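Reproduced below: query.cif, with mmCIF, C-alpha atoms.
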```
data_final
#
loop_
_atom_site.label_atom_id
_atom_site.label_comp_id
_atom_site.auth_asym_id
_atom_site.auth_seq_id
_atom_site.Cartn_x
_atom_site.Cartn_y
_atom_site.Cartn_z
CA MET A 1 75.73 108.49 105.65
CA LEU A 2 73.71 105.34 105.02
CA ARG A 3 76.28 103.17 106.82
CA GLU A 4 76.40 105.61 109.77
CA GLY A 5 72.59 105.63 110.00
CA ALA A 6 72.41 101.84 109.89
CA SER A 7 75.09 101.60 112.57
CA ALA A 8 73.17 103.98 114.84
CA MET A 9 69.95 102.01 114.38
CA SER A 10 71.78 98.78 115.19
CA TYR A 11 73.21 100.35 118.37
CA ILE A 12 69.76 101.53 119.51
CA LYS A 13 68.27 98.13 118.75
CA LYS A 14 70.86 96.41 120.94
CA ILE A 15 70.13 98.80 123.81
CA LEU A 16 66.39 98.12 123.55
CA GLU A 17 67.05 94.40 123.49
CA GLY A 18 68.82 94.72 126.81
CA ALA A 19 72.41 94.31 125.62
CA THR A 20 74.98 95.58 128.12
CA LEU A 21 76.82 98.14 126.03
CA LEU A 22 77.36 100.80 128.67
CA PRO A 23 77.91 100.14 132.39
CA PHE A 24 75.62 102.99 133.42
CA VAL A 25 72.62 101.93 131.30
CA LYS A 26 70.04 100.11 133.45
CA LEU A 27 66.98 98.75 131.71
CA PRO A 28 65.63 96.14 134.17
CA PHE A 29 62.70 95.01 132.04
CA ALA A 30 64.06 95.70 128.54
CA GLY A 31 64.24 92.77 126.18
CA ARG A 32 62.14 90.47 128.37
CA PRO A 33 58.67 90.51 129.85
CA PRO A 34 58.62 91.30 133.57
CA ALA A 35 58.20 88.41 136.00
CA PRO A 36 54.72 88.22 137.58
CA ASP A 37 55.85 89.81 140.84
CA ASP A 38 57.73 92.53 138.93
CA GLN A 39 54.58 93.36 136.95
CA VAL A 40 52.54 93.66 140.14
CA ARG A 41 55.12 96.11 141.50
CA LEU A 42 54.80 98.20 138.35
CA ASP A 43 51.00 98.07 138.52
CA LEU A 44 50.96 99.24 142.14
CA VAL A 45 53.20 102.16 141.22
CA GLU A 46 50.99 103.07 138.25
CA PHE A 47 47.67 102.94 140.08
CA GLY A 48 49.15 104.68 143.11
CA ARG A 49 50.15 107.57 140.85
CA MET A 50 46.68 107.60 139.35
CA LEU A 51 45.13 107.89 142.82
CA HIS A 52 47.44 110.79 143.58
CA THR A 53 46.87 112.52 140.23
CA GLN A 54 43.10 112.28 140.66
CA GLY A 55 43.35 113.86 144.10
CA PHE A 56 41.98 110.75 145.79
CA VAL A 57 44.94 110.78 148.21
CA ALA A 58 47.26 113.45 149.60
CA ALA A 59 50.61 113.33 151.36
CA THR A 60 51.15 109.68 152.36
CA ASP A 61 47.45 108.74 152.53
CA GLY A 62 45.95 105.59 151.08
CA ASN A 63 47.15 102.08 150.33
CA LEU A 64 46.86 99.39 147.68
CA SER A 65 47.46 95.65 147.59
CA VAL A 66 47.36 92.66 145.29
CA ARG A 67 46.95 89.02 146.28
CA LEU A 68 49.86 87.12 144.69
CA ASP A 69 48.70 83.64 145.68
CA HIS A 70 47.01 81.83 148.58
CA ASP A 71 49.83 82.71 150.97
CA ARG A 72 51.17 86.11 149.91
CA VAL A 73 49.98 89.67 149.35
CA MET A 74 52.01 92.52 147.86
CA VAL A 75 51.16 95.84 149.51
CA THR A 76 52.28 99.45 149.32
CA PRO A 77 54.67 100.73 152.00
CA THR A 78 53.68 102.93 154.90
CA ALA A 79 54.58 106.64 155.02
CA VAL A 80 55.28 106.96 151.28
CA SER A 81 53.34 109.20 148.89
CA LYS A 82 51.33 107.15 146.43
CA GLY A 83 52.56 109.50 143.73
CA MET A 84 56.24 108.85 144.54
CA MET A 85 56.45 105.09 144.98
CA ARG A 86 59.07 102.92 143.29
CA PRO A 87 58.68 99.23 142.40
CA GLU A 88 61.32 98.27 144.96
CA ASP A 89 59.31 99.98 147.74
CA MET A 90 56.62 97.28 147.68
CA VAL A 91 56.33 94.82 150.53
CA ILE A 92 55.21 91.19 150.47
CA VAL A 93 53.42 89.85 153.55
CA ASP A 94 51.85 86.53 154.46
CA MET A 95 48.17 86.16 155.30
CA ASP A 96 48.91 86.99 158.94
CA GLY A 97 50.50 90.28 157.97
CA ASN A 98 54.09 89.18 158.62
CA ARG A 99 56.64 90.69 156.25
CA VAL A 100 58.08 88.11 153.86
CA SER A 101 60.21 90.43 151.74
CA GLY A 102 60.88 94.10 151.19
CA CYS A 103 62.94 96.72 152.98
CA CYS A 104 59.99 98.96 153.92
CA SER A 105 57.22 98.41 156.43
CA PRO A 106 53.79 97.53 155.01
CA THR A 107 50.88 99.92 155.30
CA SER A 108 49.53 100.21 158.82
CA GLU A 109 46.12 99.21 157.46
CA ILE A 110 47.24 95.82 156.19
CA ALA A 111 44.75 94.08 158.51
CA MET A 112 41.86 95.65 156.58
CA HIS A 113 43.22 94.27 153.30
CA LEU A 114 43.76 90.79 154.74
CA THR A 115 40.24 90.75 156.21
CA ILE A 116 38.77 91.46 152.78
CA TYR A 117 40.89 88.74 151.16
CA SER A 118 39.92 86.21 153.82
CA MET A 119 36.20 86.90 153.36
CA ARG A 120 36.20 87.25 149.56
CA PRO A 121 38.12 84.51 147.71
CA ASP A 122 37.09 86.18 144.45
CA VAL A 123 38.95 89.39 145.33
CA SER A 124 42.59 89.82 144.26
CA ALA A 125 43.12 93.56 144.77
CA VAL A 126 42.16 96.21 147.34
CA VAL A 127 42.37 100.01 147.10
CA HIS A 128 41.90 102.41 150.01
CA ALA A 129 41.79 106.18 149.47
CA HIS A 130 40.23 109.42 150.67
CA PRO A 131 38.46 110.96 147.65
CA CYS A 132 37.12 114.31 148.81
CA THR A 133 33.41 114.13 147.99
CA ALA A 134 32.89 110.51 149.00
CA THR A 135 34.87 111.06 152.19
CA ALA A 136 32.70 114.10 152.93
CA PHE A 137 29.64 111.83 152.77
CA ALA A 138 31.39 109.37 155.08
CA SER A 139 32.25 112.19 157.48
CA ALA A 140 28.66 113.41 157.43
CA GLY A 141 27.40 109.93 158.28
CA LEU A 142 25.69 109.46 154.91
CA ALA A 143 25.82 106.29 152.83
CA LEU A 144 25.74 106.43 149.03
CA ASP A 145 22.76 104.11 148.77
CA GLN A 146 20.18 106.22 146.94
CA PRO A 147 19.53 104.73 143.47
CA LEU A 148 19.86 107.84 141.35
CA CYS A 149 21.96 106.65 138.39
CA SER A 150 21.26 103.58 136.31
CA GLU A 151 24.95 103.10 135.48
CA VAL A 152 25.93 103.07 139.14
CA VAL A 153 23.20 100.57 140.00
CA VAL A 154 24.47 98.24 137.29
CA THR A 155 28.22 98.52 137.84
CA LEU A 156 28.58 99.36 141.54
CA GLY A 157 25.36 98.97 143.49
CA GLU A 158 24.92 100.51 146.93
CA VAL A 159 27.88 101.91 148.81
CA PRO A 160 27.13 101.39 152.52
CA LEU A 161 28.60 103.29 155.44
CA ALA A 162 30.61 101.34 158.01
CA PRO A 163 30.72 102.80 161.53
CA TYR A 164 33.79 104.66 162.68
CA ALA A 165 36.80 102.74 163.94
CA THR A 166 40.38 103.81 164.59
CA THR A 167 42.74 103.57 161.63
CA GLY A 168 45.06 100.56 161.64
CA THR A 169 43.22 98.63 164.34
CA VAL A 170 41.36 95.33 164.49
CA GLU A 171 38.22 97.35 165.20
CA LEU A 172 38.45 98.86 161.72
CA SER A 173 38.37 95.42 160.13
CA ASP A 174 35.49 94.41 162.39
CA SER A 175 33.47 97.46 161.35
CA LEU A 176 33.76 96.39 157.70
CA ARG A 177 32.93 92.71 158.14
CA PRO A 178 29.12 93.00 157.86
CA PHE A 179 29.42 94.75 154.49
CA ILE A 180 32.28 92.92 152.77
CA PRO A 181 30.36 89.86 151.46
CA GLU A 182 27.66 91.76 149.57
CA HIS A 183 29.40 94.97 148.50
CA ASN A 184 32.46 95.92 146.46
CA ALA A 185 32.86 99.42 147.88
CA ILE A 186 32.40 100.71 151.42
CA LEU A 187 32.45 104.16 152.96
CA MET A 188 34.24 104.29 156.31
CA ALA A 189 32.80 106.89 158.67
CA ASN A 190 35.10 109.89 159.17
CA HIS A 191 37.83 108.09 157.24
CA GLY A 192 37.53 107.31 153.55
CA VAL A 193 36.64 104.60 151.05
CA VAL A 194 37.77 101.05 150.36
CA THR A 195 37.08 99.26 147.07
CA TYR A 196 38.10 95.84 145.81
CA GLY A 197 37.80 93.53 142.82
CA HIS A 198 39.23 90.61 140.90
CA ASP A 199 42.19 92.72 139.78
CA LEU A 200 43.81 96.07 140.56
CA ARG A 201 42.25 97.79 137.58
CA LYS A 202 38.75 96.85 138.70
CA ALA A 203 39.41 97.90 142.29
CA TYR A 204 40.75 101.27 141.12
CA LEU A 205 37.86 101.88 138.70
CA ARG A 206 35.40 101.23 141.51
CA MET A 207 37.13 103.96 143.52
CA GLU A 208 36.64 106.34 140.59
CA ALA A 209 33.00 105.30 140.33
CA VAL A 210 32.35 105.92 144.03
CA GLU A 211 33.76 109.44 143.88
CA HIS A 212 31.92 110.23 140.64
CA PHE A 213 28.64 109.01 142.13
CA ALA A 214 29.24 111.05 145.29
CA LYS A 215 29.60 114.19 143.18
CA ILE A 216 26.34 113.41 141.36
CA VAL A 217 24.46 112.80 144.61
CA LEU A 218 25.80 116.03 146.10
CA ALA A 219 24.82 118.07 143.03
CA ALA A 220 21.33 116.50 142.90
CA ARG A 221 20.74 117.31 146.56
CA GLN A 222 21.94 120.86 146.07
CA LEU A 223 19.40 121.21 143.26
CA GLY A 224 16.78 120.02 145.73
CA CYS A 225 15.14 117.42 143.53
CA ALA A 226 17.08 114.14 143.72
CA ARG A 227 14.70 111.54 142.27
CA SER A 228 15.39 107.88 142.91
CA LEU A 229 14.61 105.16 140.39
CA ASP A 230 11.37 103.33 141.13
CA ASP A 231 11.02 99.60 141.92
CA ASP A 232 10.18 98.56 138.34
CA GLN A 233 13.15 100.46 136.97
CA LEU A 234 15.42 98.94 139.61
CA GLU A 235 14.23 95.41 138.87
CA LYS A 236 15.16 95.80 135.21
CA LEU A 237 18.54 97.20 136.19
CA PHE A 238 19.20 94.30 138.57
CA GLU A 239 18.51 91.92 135.67
CA ALA A 240 20.93 93.88 133.52
CA ARG A 241 23.46 93.79 136.34
CA SER A 242 23.24 89.99 136.51
CA ARG A 243 23.92 89.76 132.79
CA TYR A 244 26.78 92.24 133.09
CA ALA A 245 28.37 90.28 135.92
CA GLY A 246 28.01 87.04 134.00
CA ASN A 247 29.82 88.50 130.98
CA ALA A 248 32.58 90.22 132.95
CA HIS A 249 35.94 88.45 132.97
#
```

Written form, structure tokens:
Amino acid sequence: MLREGASAMSYIKKILEGATLLPFVKLPFAGRPPAPDDQVRLDLVEFGRMLHTQGFVAATDGNLSVRLDHDRVMVTPTAVSKGMMRPEDMVIVDMDGNRVSGCCSPTSEIAMHLTIYSMRPDVSAVVHAHPCTATAFASAGLALDQPLCSEVVVTLGEVPLAPYATTGTVELSDSLRPFIPEHNAILMANHGVVTYGHDLRKAYLRMEAVEHFAKIVLAARQLGCARSLDDDQLEKLFEARSRYAGNAH
């Protein structure tokens, strides 16, 4: 029994190390760390599923991207559910939006992503989604710029409202341009939300923060007594925000 148990453990160990023992066993990343591009593919799949699980997107809505280097961006494919993507579905484009590799077509809103990258050298990831409450504010023509929560002031700041523009057009990028330099999250009128950051995790978390804040603002207004922070309180929070930004890596 001991020899049989040891043999079984040895067999399992070889499989996990990526040994080719059976022709039908495919473990593409077993036994070795994924290459940088492979890891980005996995990250896009993971955060796409998180968007879908949270209800921030439905059907084939939304898109995500990561800047690979100065010349290339990896982006999610068009017309694919963010909850059903596979690593091999991802598309790499150049900074003009031309497909470099991948069998799928890139998201139709790639121009929006590239505009953000061109204006913000510090940004390496972009997330676009349609979270229900925040998108309701955008559809009602209301920005999320009332300073109600100290945490939001520190970590997110104001979320402005960009005017309406048709999805997938140059006009959409143009509508965002005035807000991109000074904000990390933008509501798009009658459309949704775009967030961005130095990595995909940060961009995704900002999307969560926008929707959470939208729910708080809605509830406070329904209660009829939404009270904004005063100037002195805001000044202290802005100082804290500067320290927070300086310590964030």

| field | Between atom CA of A:Ile92 and atom CA of A:Val45 - distance in Å to one decimal | value |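 Computing it gives 14.5 Å between the two atoms.
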
| What is the distance between atom CA of A:Thr115 and atom CA of A:Ala165, in Å to one decimal? | 14.7 Å

| In terms of the shortest atom-to-atom distance over only C-alpha atoms, which of A:Ala220, A:Leu176, A:Met95, A:Met112 is closest to A:Gln146? |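 The answer is A:Ala220, which sits nearest to A:Gln146.
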
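Residue nearest A:Arg243, chosen from A:Thr155, A:Gln39, A:Thr107, A:Ser81 and counting all atoms listed in the file: A:Thr155.
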
| task | Take the PyMOL selection byres ((chain A and resi 178) around 12), apply it to the structure above, and return the hits as a list in words. | result | Thr115, Ile116, Met119, Pro160, Leu161, Ala162, Pro163, Leu172, Ser173, Asp174, Ser175, Leu176, Arg177, Phe179, Ile180, Pro181, Glu182, His183 and Ile186 of chain A

Per residue of stretch 32-127 of chain A within 9 Å of stretch 193-213 of chain A, note the shortest atom pair and the distance in Å to one decimal, counting all atoms listed in the file, and order the rows by chain and increasing residue number, as JSON lines.
```
{"residue": "A:Asp43", "atom": "CA", "partner": "A:Leu200", "partner_atom": "CA", "distance": 7.7}
{"residue": "A:Leu44", "atom": "CA", "partner": "A:Leu200", "partner_atom": "CA", "distance": 8.0}
{"residue": "A:Phe47", "atom": "CA", "partner": "A:Tyr204", "partner_atom": "CA", "distance": 7.2}
{"residue": "A:Met50", "atom": "CA", "partner": "A:Tyr204", "partner_atom": "CA", "distance": 8.9}
{"residue": "A:Leu51", "atom": "CA", "partner": "A:Tyr204", "partner_atom": "CA", "distance": 8.1}
{"residue": "A:Gln54", "atom": "CA", "partner": "A:Glu208", "partner_atom": "CA", "distance": 8.8}
{"residue": "A:Phe56", "atom": "CA", "partner": "A:Glu211", "partner_atom": "CA", "distance": 8.5}
{"residue": "A:Leu64", "atom": "CA", "partner": "A:Leu200", "partner_atom": "CA", "distance": 8.4}
{"residue": "A:Ser65", "atom": "CA", "partner": "A:Leu200", "partner_atom": "CA", "distance": 7.9}
{"residue": "A:Val66", "atom": "CA", "partner": "A:Leu200", "partner_atom": "CA", "distance": 6.8}
{"residue": "A:Arg67", "atom": "CA", "partner": "A:Asp199", "partner_atom": "CA", "distance": 8.9}
{"residue": "A:Ile116", "atom": "CA", "partner": "A:Tyr196", "partner_atom": "CA", "distance": 8.3}
{"residue": "A:Asp122", "atom": "CA", "partner": "A:His198", "partner_atom": "CA", "distance": 6.1}
{"residue": "A:Val123", "atom": "CA", "partner": "A:His198", "partner_atom": "CA", "distance": 4.6}
{"residue": "A:Ser124", "atom": "CA", "partner": "A:His198", "partner_atom": "CA", "distance": 4.8}
{"residue": "A:Ala125", "atom": "CA", "partner": "A:Leu200", "partner_atom": "CA", "distance": 4.9}
{"residue": "A:Val126", "atom": "CA", "partner": "A:Tyr196", "partner_atom": "CA", "distance": 4.4}
{"residue": "A:Val127", "atom": "CA", "partner": "A:Thr195", "partner_atom": "CA", "distance": 5.3}
```

| task | List, as a list in words, every residue that the PyMOL selection byres ((chain A and resi 88) around 8) selects in the file provided. | result |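 When the PyMOL selection byres ((chain A and resi 88) around 8) is applied to the shown file, the picked residues are Arg41, Arg86, Pro87, Asp89, Met90 and Gly102 of chain A.
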
| Minimum-distance residue to A:Leu218, chosen among A:Asn63, A:His128, A:Met84, A:Leu142 (using all atoms listed in the file) | A:Leu142

| query | Residues picked by the PyMOL selection byres ((chain A and resi 157) around 9) here, as a PyMOL selection string? | reply | chain A and resi 145+147+152-156+158-159+183-185

| said: Which residues are close to A:Ile110, i.e. within 7 Å by all atoms listed in the file, leaving aside same-chain residues fewer than 4 positions away? Reply as number ranges by chain. | reply: A: 97, 106, 114

| message | Give me, as a ChimeraX atom specification, all polymer residues having an atom no more than 8 Å from A:Glu109, counting all atoms listed in the file and skipping those fewer than 5 positions away in the same chain. | response | /A:63,167-169

Which residues come within 9 Å of A:Gly55, counting all atoms listed in the file, excluding same-chain residues fewer than 6 positions away, as a PDB file with C-alpha atoms, in the frame of the given file?
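File written: out-v5.pdb
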```pdb
ATOM      1  CA  HIS A 130      40.230 109.420 150.670  1.00  0.00           C
ATOM      2  CA  PRO A 131      38.460 110.960 147.650  1.00  0.00           C
ATOM      3  CA  CYS A 132      37.120 114.310 148.810  1.00  0.00           C
TER       4      CYS A 132
END
```

| said: If I take atom CA of A:Val93 and atom CA of A:Arg72, how far is one from the other in Å, to one decimal? | reply: 5.7 Å
